[in-house]
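Student: I have a structure here, written as structure tokens, and I will follow up with some questions on it.
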Amino acid sequence: MGASGTTGNALLHRLLALGEPVRALTRTPHRPLPGIPGPPDQTAPASPRPAVMEVRYADAADPHSLRAAFRGADRLFLTTANGPAQVAWETRAVDLAADAGIRHIVKVSAPAAEPDSPVAVSRGHHAVGEHLRASGVPYTVLRPYAFMQNLLRLAPGVAHGAVLGATGDALVNHVDGRDVGDVAAAVLTRPEPAGRTYTLTGPEAVSYPDIAARLAALTGRPVRYVHLGPAALRRELVRNAGLPDWLADHVTEIQQLAVARPESPTTTVAEVLGRPPRTLDAFLRRNRARFQP
């Protein structure tokens, strides 16, 4: 699921590189998937090698599409966009996967996925995780911290010389979404004991003032961190960034969680993949043009 999203697309690329047969689920199957070539020329001679990828329509809000998409598959990567309907969508997907005979579900969750978490989205992930455990389907849970890809949302502020936040000097974990995809591929294609949970980070926890300094060095222009209180940050996200209320609440909540619970990196990515995780500096260099005015 989520073949066009940050982790789903990264997983798709990795599975194709491994030569694994994969079914990519998307709400827009008529559109090319990011980084994936379009359909072959239908007038060209057929290749003797069967395709290892098929693209199917599926919408988490449409149980009929999921039922058809899951038919004949044996492993499921479960991820949906964060939002008010996420718990309903994912618990239904678990039930449909169980009915379809899926034998292993890899679910993307979140840190602090606890029933009393101060982050509403994390409480939702806890609820889905409990439903998954009760389903009887063998499962693996991935708990990535903030995606480095989300830092690209800072680009408009960087163009004006500022990074806004409510974390102060607190250290924050980030992880490259491609590493999450690589870990997902590993647990989907290797023998995997059921019930494991992997907490995924990059190799270092970094404060937002440090991120601003790195962006200044990268772009050659002044970039400073501007500290806002939670309420001021939320107003900024709604009024100027145009985020819906629930997403502004989520961003504010996870920033406050980083202040309340100091974050430090894990070694899980290296342990699963046998290589170090991708670094923040490498990610910023790779996307340098995105931060230029």
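Chain lettering (A, B, ...) mirrors the order of the structure tokens, residue numbering begins at 1 for each chain separately, and ligand numbering begins at 1 in order of display.
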For stretch 60-68 of chain A, please output as a list in words all residues within 9 Å (counting only C-alpha atoms; exclusion window: fewer than 3 positions along the same chain).
Tutor: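 Here the qualifying residues turn out to be Met1, Leu25, Arg27, Arg56, Tyr57, Arg71, Gly72, Thr80, Ala85, Gln86, Ala88, Trp89, Glu90, Arg92, Ala93, Leu96, Ala97, Asp99 and Ala100 of chain A.
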Student: Name the residues of stretch 220-263 of chain A that fall into strand (DSSP E or B) according to DSSP on the backbone, using the chain letters and numbers of this document, as number ranges by chain.
Tutor: A: 224-227
Student: Output as a PyMOL selection string all residues of stretch 97-276 of chain A that backbone DSSP marks as alpha helix (DSSP H).
Tutor: chain A and resi 97-100+120-135+155-159+177-189+208-219+230-239+245-260+268-273
Student: Tell me, as a PyMOL selection string, which residues lie within 12 Å of A:Ile36, counting only C-alpha atoms; anything in the same chain fewer than 6 positions away does not count.
Tutor: chain A and resi 3-4+9-10+12-14+16-17+24+53-55
Student: Out of A:Glu253, A:Asp281, A:Asp210, A:Glu20, which residue has the shortest atom-to-atom distance to A:Gly168 when counting only C-alpha atoms?
Tutor: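 When distances to A:Gly168 are compared using only C-alpha atoms, the smallest one comes from A:Asp210.
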